[in-house]
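K.L.:
Provided herewith: model-v7.cif, mmCIF, C-alpha atoms and all ligand atoms.
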```
data_structure
loop_
_atom_site.label_atom_id
_atom_site.label_comp_id
_atom_site.auth_asym_id
_atom_site.auth_seq_id
_atom_site.Cartn_x
_atom_site.Cartn_y
_atom_site.Cartn_z
CA MET A 1 -28.62 -18.78 -157.60
CA SER A 2 -31.86 -16.86 -157.99
CA LYS A 3 -33.58 -15.53 -154.89
CA THR A 4 -37.15 -16.40 -153.92
CA ASP A 5 -39.73 -14.00 -155.31
CA ASN A 6 -41.40 -12.17 -152.42
CA ILE A 7 -41.72 -8.79 -154.15
CA TYR A 8 -45.48 -8.52 -153.50
CA SER A 9 -45.59 -10.31 -150.14
CA LYS A 10 -46.08 -7.13 -148.08
CA GLN A 11 -49.16 -4.90 -148.33
CA ARG A 12 -48.41 -1.86 -150.53
CA ALA A 13 -50.17 1.47 -150.29
CA GLN A 14 -49.94 1.87 -154.05
CA ILE A 15 -49.30 -0.64 -156.85
CA ASP A 16 -47.22 0.72 -159.75
CA GLY A 17 -47.20 -0.84 -163.21
CA PHE A 18 -44.94 -3.89 -163.40
CA SER A 19 -41.45 -3.22 -164.74
CA PHE A 20 -38.44 -5.44 -165.38
CA ASP A 21 -36.16 -3.62 -162.96
CA GLU A 22 -33.29 -4.73 -160.71
CA GLN A 23 -35.64 -6.09 -158.05
CA VAL A 24 -37.37 -8.32 -160.64
CA VAL A 25 -34.06 -9.36 -162.24
CA GLN A 26 -32.86 -10.71 -158.90
CA VAL A 27 -35.80 -13.08 -158.47
CA PHE A 28 -36.70 -13.62 -162.14
CA PRO A 29 -35.94 -17.36 -162.58
CA ASP A 30 -37.96 -18.17 -159.45
CA MET A 31 -40.78 -15.77 -160.39
CA ILE A 32 -41.34 -17.05 -163.92
CA LYS A 33 -41.15 -20.73 -162.95
CA ARG A 34 -43.74 -20.24 -160.16
CA SER A 35 -46.01 -18.00 -162.25
CA VAL A 36 -46.08 -19.56 -165.71
CA PRO A 37 -47.40 -23.13 -165.85
CA GLY A 38 -45.27 -25.17 -168.26
CA TYR A 39 -42.42 -22.64 -168.47
CA GLU A 40 -39.68 -25.25 -167.99
CA THR A 41 -41.25 -27.63 -170.52
CA ILE A 42 -41.38 -24.82 -173.08
CA ILE A 43 -37.77 -23.80 -172.41
CA ASN A 44 -36.56 -27.40 -172.82
CA SER A 45 -38.64 -27.87 -175.97
CA ILE A 46 -37.09 -24.74 -177.51
CA GLY A 47 -33.82 -26.72 -177.50
CA THR A 48 -35.50 -29.67 -179.22
CA ILE A 49 -37.14 -27.40 -181.81
CA THR A 50 -33.77 -25.75 -182.46
CA GLU A 51 -32.10 -29.12 -182.95
CA ARG A 52 -34.59 -29.95 -185.70
CA CYS A 53 -35.20 -26.55 -187.31
CA ALA A 54 -31.95 -24.55 -187.22
CA VAL A 55 -29.99 -24.59 -190.46
CA GLU A 56 -26.28 -24.05 -191.11
CA ASN A 57 -24.98 -20.48 -191.32
CA SER A 58 -28.20 -18.89 -190.09
CA ASN A 59 -29.23 -16.53 -187.29
CA LEU A 60 -31.31 -17.53 -184.26
CA TYR A 61 -33.16 -14.81 -182.34
CA ASP A 62 -34.39 -14.69 -178.73
CA LEU A 63 -36.61 -11.59 -178.56
CA GLY A 64 -37.33 -10.39 -175.02
CA CYS A 65 -34.62 -12.71 -173.74
CA SER A 66 -34.72 -11.69 -170.02
CA LEU A 67 -31.90 -13.74 -168.46
CA GLY A 68 -31.40 -15.87 -171.57
CA ALA A 69 -33.10 -19.14 -170.62
CA ALA A 70 -34.33 -19.69 -174.20
CA THR A 71 -30.95 -18.65 -175.61
CA LEU A 72 -29.16 -21.23 -173.45
CA SER A 73 -31.66 -23.90 -174.48
CA MET A 74 -31.23 -23.03 -178.18
CA ARG A 75 -27.49 -23.14 -177.77
CA ARG A 76 -27.69 -26.58 -176.14
CA GLY A 77 -29.90 -27.93 -178.95
CA LEU A 78 -27.96 -26.37 -181.80
CA ASN A 79 -26.13 -28.94 -183.92
CA LYS A 80 -25.46 -26.90 -187.09
CA ALA A 81 -22.27 -25.03 -187.99
CA GLY A 82 -21.90 -21.30 -188.61
CA CYS A 83 -24.88 -20.12 -186.57
CA GLN A 84 -25.09 -17.20 -184.17
CA ILE A 85 -27.72 -16.32 -181.57
CA ILE A 86 -28.97 -12.76 -181.15
CA ALA A 87 -30.68 -12.16 -177.79
CA VAL A 88 -32.50 -8.86 -177.27
CA ASP A 89 -34.14 -7.18 -174.28
CA ASN A 90 -34.91 -3.54 -173.55
CA SER A 91 -34.25 -3.82 -169.80
CA GLN A 92 -30.64 -2.81 -169.16
CA GLN A 93 -30.60 -4.73 -165.87
CA MET A 94 -31.84 -7.91 -167.58
CA VAL A 95 -29.26 -7.60 -170.36
CA GLU A 96 -26.37 -7.16 -167.92
CA ARG A 97 -27.35 -10.25 -165.91
CA CYS A 98 -28.11 -12.19 -169.11
CA GLU A 99 -24.57 -11.61 -170.39
CA GLN A 100 -23.16 -12.97 -167.13
CA TYR A 101 -25.30 -16.11 -167.39
CA ILE A 102 -24.49 -16.73 -171.04
CA HIS A 103 -20.76 -16.33 -170.54
CA ALA A 104 -20.78 -18.60 -167.49
CA TYR A 105 -21.22 -21.54 -169.89
CA LYS A 106 -18.66 -22.45 -172.52
CA SER A 107 -19.81 -22.85 -176.10
CA ASP A 108 -18.57 -22.42 -179.66
CA THR A 109 -21.81 -20.69 -180.70
CA PRO A 110 -21.47 -16.91 -180.59
CA VAL A 111 -24.20 -15.04 -178.71
CA GLN A 112 -24.78 -11.29 -179.08
CA VAL A 113 -26.84 -9.78 -176.27
CA LEU A 114 -28.39 -6.46 -177.30
CA CYS A 115 -30.16 -3.90 -175.14
CA ASP A 116 -32.83 -2.58 -177.49
CA ASP A 117 -36.52 -2.54 -178.25
CA ILE A 118 -37.30 -5.68 -180.25
CA CYS A 119 -39.31 -3.47 -182.64
CA ASN A 120 -36.00 -1.86 -183.75
CA ILE A 121 -34.27 -5.12 -184.61
CA HIS A 122 -33.80 -6.06 -188.25
CA ILE A 123 -34.37 -9.79 -188.50
CA GLU A 124 -32.41 -11.47 -191.27
CA ASN A 125 -31.25 -14.90 -192.41
CA ALA A 126 -33.16 -16.46 -189.51
CA SER A 127 -33.98 -20.14 -189.08
CA VAL A 128 -35.42 -19.94 -185.53
CA VAL A 129 -37.04 -16.95 -183.81
CA ILE A 130 -38.26 -17.13 -180.21
CA LEU A 131 -40.84 -14.81 -178.65
CA ASN A 132 -41.18 -16.52 -175.28
CA PHE A 133 -43.80 -14.56 -173.29
CA THR A 134 -42.72 -11.21 -174.78
CA LEU A 135 -45.32 -10.22 -177.41
CA GLN A 136 -47.90 -9.78 -174.62
CA PHE A 137 -45.86 -6.86 -173.24
CA LEU A 138 -45.90 -4.92 -176.54
CA THR A 139 -48.75 -2.47 -177.09
CA PRO A 140 -51.23 -4.24 -179.39
CA GLU A 141 -50.65 -1.79 -182.30
CA LYS A 142 -46.99 -2.83 -182.50
CA ARG A 143 -47.57 -6.58 -182.64
CA LEU A 144 -48.39 -7.05 -186.33
CA SER A 145 -45.41 -5.09 -187.60
CA LEU A 146 -43.05 -7.06 -185.36
CA LEU A 147 -44.46 -10.37 -186.65
CA THR A 148 -44.20 -9.08 -190.24
CA ASN A 149 -40.51 -8.22 -189.67
CA ILE A 150 -39.98 -11.70 -188.29
CA TYR A 151 -41.77 -13.34 -191.22
CA ASN A 152 -39.71 -11.32 -193.72
CA GLY A 153 -36.44 -12.16 -191.95
CA LEU A 154 -37.07 -15.89 -191.72
CA LEU A 155 -35.65 -18.29 -194.30
CA PRO A 156 -38.16 -20.57 -196.06
CA GLY A 157 -38.91 -23.40 -193.61
CA GLY A 158 -37.79 -21.23 -190.68
CA VAL A 159 -39.88 -21.23 -187.49
CA LEU A 160 -41.26 -18.77 -184.97
CA VAL A 161 -42.03 -20.04 -181.45
CA LEU A 162 -44.61 -17.70 -179.89
CA SER A 163 -45.41 -18.41 -176.22
CA GLU A 164 -48.07 -16.32 -174.51
CA LYS A 165 -50.65 -16.04 -171.78
CA PHE A 166 -54.06 -16.46 -173.44
CA VAL A 167 -57.54 -15.17 -172.77
CA PHE A 168 -60.67 -16.99 -173.95
CA GLU A 169 -63.80 -15.58 -175.53
CA ASP A 170 -66.09 -18.07 -173.82
CA PRO A 171 -66.68 -16.65 -170.31
CA LEU A 172 -66.90 -20.07 -168.66
CA ASN A 173 -63.62 -21.20 -170.21
CA GLN A 174 -62.02 -17.89 -169.25
CA GLN A 175 -63.17 -18.18 -165.64
CA LEU A 176 -62.11 -21.81 -165.21
CA LEU A 177 -58.70 -21.56 -166.90
CA ASN A 178 -57.95 -18.36 -165.00
CA ASP A 179 -58.99 -19.98 -161.69
CA LEU A 180 -56.80 -23.00 -162.49
CA HIS A 181 -53.87 -20.63 -163.04
CA LEU A 182 -54.53 -18.98 -159.65
CA ASP A 183 -54.59 -22.47 -158.07
CA PHE A 184 -51.25 -23.16 -159.75
CA LYS A 185 -49.79 -19.99 -158.19
CA ARG A 186 -51.17 -20.95 -154.77
CA SER A 187 -49.62 -24.40 -155.15
CA GLN A 188 -46.29 -22.65 -155.80
CA GLY A 189 -46.52 -20.90 -152.44
CA TYR A 190 -47.84 -17.48 -153.48
CA SER A 191 -50.26 -15.92 -150.97
CA GLU A 192 -53.59 -14.28 -151.88
CA LEU A 193 -51.98 -10.88 -151.22
CA GLU A 194 -49.05 -11.61 -153.54
CA ILE A 195 -51.40 -12.88 -156.24
CA SER A 196 -53.72 -9.88 -156.08
CA GLN A 197 -50.97 -7.23 -155.89
CA LYS A 198 -49.06 -8.83 -158.80
CA ARG A 199 -52.27 -8.96 -160.80
CA ALA A 200 -52.88 -5.24 -160.20
CA SER A 201 -49.31 -4.40 -161.27
CA LEU A 202 -49.73 -6.31 -164.56
CA ASP A 203 -53.03 -4.59 -165.41
CA ASN A 204 -52.54 -2.70 -168.71
CA VAL A 205 -48.92 -3.94 -168.87
CA LEU A 206 -49.55 -7.54 -169.93
CA ILE A 207 -52.33 -7.52 -172.55
CA ALA A 208 -53.22 -11.08 -173.52
CA ASP A 209 -54.92 -12.11 -176.79
CA THR A 210 -57.06 -15.11 -177.62
CA VAL A 211 -55.48 -17.97 -179.57
CA GLU A 212 -57.74 -16.96 -182.50
CA GLN A 213 -56.39 -13.37 -182.41
CA HIS A 214 -52.86 -14.78 -182.57
CA TYR A 215 -53.68 -17.00 -185.54
CA SER A 216 -55.33 -14.14 -187.38
CA ARG A 217 -52.39 -11.77 -186.76
CA LEU A 218 -49.85 -14.43 -187.73
CA GLN A 219 -51.77 -14.98 -191.00
CA LYS A 220 -51.74 -11.23 -191.68
CA ALA A 221 -47.98 -11.22 -191.10
CA GLY A 222 -47.63 -13.92 -193.79
CA PHE A 223 -47.51 -17.14 -191.74
CA LYS A 224 -49.75 -19.84 -193.25
CA HIS A 225 -48.75 -22.75 -191.00
CA ASN A 226 -49.60 -22.02 -187.36
CA ASN A 227 -50.29 -24.50 -184.61
CA LEU A 228 -50.51 -24.63 -180.85
CA TRP A 229 -47.90 -27.22 -179.89
CA TYR A 230 -48.31 -26.78 -176.10
CA GLN A 231 -50.92 -25.52 -173.67
CA TYR A 232 -51.15 -25.63 -169.87
CA PHE A 233 -54.26 -23.79 -168.57
CA ASN A 234 -54.17 -20.21 -169.93
CA PHE A 235 -50.54 -20.34 -171.06
CA GLY A 236 -49.26 -21.90 -174.24
CA SER A 237 -47.01 -21.81 -177.25
CA ILE A 238 -47.67 -21.61 -181.00
CA ILE A 239 -45.23 -22.75 -183.67
CA SER A 240 -45.41 -20.96 -187.01
CA ILE A 241 -43.54 -22.14 -190.09
CA LYS A 242 -42.56 -19.92 -193.03
C1 LIG B 1 -37.66 -16.31 -171.01
N1 LIG B 1 -38.20 -14.84 -172.87
O1 LIG B 1 -37.19 -16.49 -169.87
N2 LIG B 1 -38.26 -4.88 -176.43
C2 LIG B 1 -37.39 -5.71 -175.83
N3 LIG B 1 -37.68 -6.44 -174.72
C3 LIG B 1 -38.91 -6.26 -174.18
C4 LIG B 1 -39.86 -5.39 -174.74
C5 LIG B 1 -39.49 -4.69 -175.92
N4 LIG B 1 -40.34 -3.84 -176.52
N5 LIG B 1 -40.99 -5.44 -173.99
C6 LIG B 1 -40.74 -6.31 -172.97
N6 LIG B 1 -39.48 -6.80 -173.10
C7 LIG B 1 -37.96 -14.89 -171.43
C8 LIG B 1 -39.09 -14.35 -170.62
S1 LIG B 1 -40.27 -11.96 -169.88
C9 LIG B 1 -41.84 -12.62 -169.62
C10 LIG B 1 -39.61 -13.03 -171.14
C11 LIG B 1 -42.42 -12.46 -168.28
C12 LIG B 1 -38.82 -7.79 -172.24
C13 LIG B 1 -38.85 -7.49 -170.75
O2 LIG B 1 -37.81 -6.60 -170.37
C14 LIG B 1 -38.71 -8.89 -170.16
O3 LIG B 1 -37.37 -9.21 -169.88
C15 LIG B 1 -39.26 -9.80 -171.23
O4 LIG B 1 -39.53 -9.00 -172.38
C16 LIG B 1 -40.55 -10.53 -170.85
O5 LIG B 1 -37.89 -17.22 -171.81
O6 LIG B 1 -41.75 -11.92 -167.39
O7 LIG B 1 -43.61 -12.88 -168.10
#
```
What is this file in structure tokens?
Ligand code: GEK

P.N.:
Amino acid sequence: MSKTDNIYSKQRAQIDGFSFDEQVVQVFPDMIKRSVPGYETIINSIGTITERCAVENSNLYDLGCSLGAATLSMRRGLNKAGCQIIAVDNSQQMVERCEQYIHAYKSDTPVQVLCDDICNIHIENASVVILNFTLQFLTPEKRLSLLTNIYNGLLPGGVLVLSEKFVFEDPLNQQLLNDLHLDFKRSQGYSELEISQKRASLDNVLIADTVEQHYSRLQKAGFKHNNLWYQYFNFGSIISIK
């Protein structure tokens, strides 16, 4: 069982940049569920998307897998023979715990959990690729080349699921959707201190794009069929088809 996230509940003299270390790993399922509106819906839908879009004898990728929630959902939805799932994260602590979670459930679908930078991964023979709240942690200059690798490694008809926190160009929309997200966090039991200290730690670590920036980058990477299939305040998910 995951512990309750109270990492930022005490006043800190100094806020360091957020990192996916052992302390975060221990509370991660609780943290992401209470911080990302719609997270569970997206995770469940990844299984449904996999059921429809995976093809026989192909690879499925979970890039920035953390503890493997999307991998487990893909594996539950998968109904095609000869597939394997490749889950990648560059946090050693995440990868270790992810392997324990994955192997706690029995399945015939092989899962490889790799500790590596997702920018180093060669994507090939892929029918489903998941970037569930990971692209936002890559420096902006690296984002297009990752998406281009994904596009090149996808089979025709293959899909990318790209979930992200969004920003909005219109200042009124930005303010309101951001405030609604803060209300969501309050409703999940986070205090004002926790919210403000977490926000400071994510400054310059999580760099969000507008939906339009995502569409334009996806087009540059080769994807011509891109659509937002889910949005809850300033969080959402785009599906792109090769
Ligand atoms: C989920 N997808 O539960 N290479 C590999 N991993 C990276 C990199 C990188 N360059 N940068 C960040 N990560 C998960 C949630 S969390 C999102 C994803 C969040 C990893 C990082 O170590 C972390 O585990 C993950 O991306 C982002 O569906 O915490 O908001």

K.L.:
Segment 181-198 of chain A: which residues within 7 Å, counting all atoms listed in the file, same-chain residues fewer than 4 positions away excluded, as a list in words?

P.N.:
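The residues that qualify are Tyr8, Ser9, Ile15, Arg34, Ser35, Leu177, Leu202, Phe233 and Asn234 of chain A.
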
K.L.:
Using the selection just defined, write its residues with C-alpha atoms as a compact mmCIF listing (two decimals), in the coordinates of the input.

P.N.:
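So the final result, stored in selection27.txt, reads:
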```
# COMPACT_ATOMS: atom_id res chain seq x y z
CA TYR A 8 -45.48 -8.52 -153.50
CA SER A 9 -45.59 -10.31 -150.14
CA ILE A 15 -49.30 -0.64 -156.85
CA ARG A 34 -43.74 -20.24 -160.16
CA SER A 35 -46.01 -18.00 -162.25
CA LEU A 177 -58.70 -21.56 -166.90
CA LEU A 202 -49.73 -6.31 -164.56
CA PHE A 233 -54.26 -23.79 -168.57
CA ASN A 234 -54.17 -20.21 -169.93
```

K.L.:
Measuring between only C-alpha atoms and all ligand atoms, which one of A:Ile42, A:Ala200, A:Val111, A:Ile102 shows the shortest distance to ligand LIG 1 (chain B)?

P.N.:
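Of the candidates, the smallest distance to ligand LIG 1 (chain B) is held by A:Ile42.
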
K.L.:
Given the choices A:Ile7, A:Val55, A:Ile121, A:Leu60, which gets closest to ligand LIG 1 (chain B) if the distance is worked out from all atoms listed in the file?

P.N.:
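Of the candidates, the smallest distance to ligand LIG 1 (chain B) is held by A:Ile121.
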
K.L.:
By how many Å are atom CA of Thr4 of chain A and atom N2 of ligand LIG 1 (chain B) apart?

P.N.:
25.3 Å

K.L.:
Compute the set of protein, DNA and RNA residues whose minimum atom distance to ligand LIG 1 (chain B) is at most 8 Å, using only C-alpha atoms and all ligand atoms, and state it as a PyMOL selection string.

P.N.:
chain A and resi 19-20+28-29+32+36+39+43+62-70+88-91+94+115-119+130-135+137-138

K.L.:
Record the distance separating atom CA of Lys33 of chain A and atom CA of Arg97 of chain A, expressed in Å with one decimal.

P.N.:
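One can read the atom CA of Lys33 of chain A to atom CA of Arg97 of chain A distance as 17.6 Å.
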
K.L.:
Which value, in Å to one decimal, gives the distance between atom CA of Leu114 of chain A and atom CA of Val129 of chain A?

P.N.:
15.1 Å

K.L.:
Counting all atoms listed in the file, what is within 8 Å of Lys220 of chain A, bar same-chain residues fewer than 3 positions away, as a count of residues only?

P.N.:
5

K.L.:
Of the candidates A:Asp108, A:Asp5, A:Asn79, A:Gln11, which one gets nearest to Val24 of chain A if we count all atoms listed in the file?

P.N.:
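Using all atoms listed in the file, Val24 of chain A sits closest to A:Asp5.
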
K.L.:
Find the residue from A:Asn59, A:Glu96, A:Glu212, A:Ile49 that sits nearest to Gly153 of chain A; use all atoms listed in the file when measuring.

P.N.:
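Ranked by minimum distance to Gly153 of chain A, first place goes to A:Asn59.
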
K.L.:
Taking 3 positions as the minimum chain separation for residues in the same chain, which residues sit within 8 Å of Lys3 of chain A when counting all atoms listed in the file? Answer as a PyMOL selection string.

P.N.:
chain A and resi 26-27+30
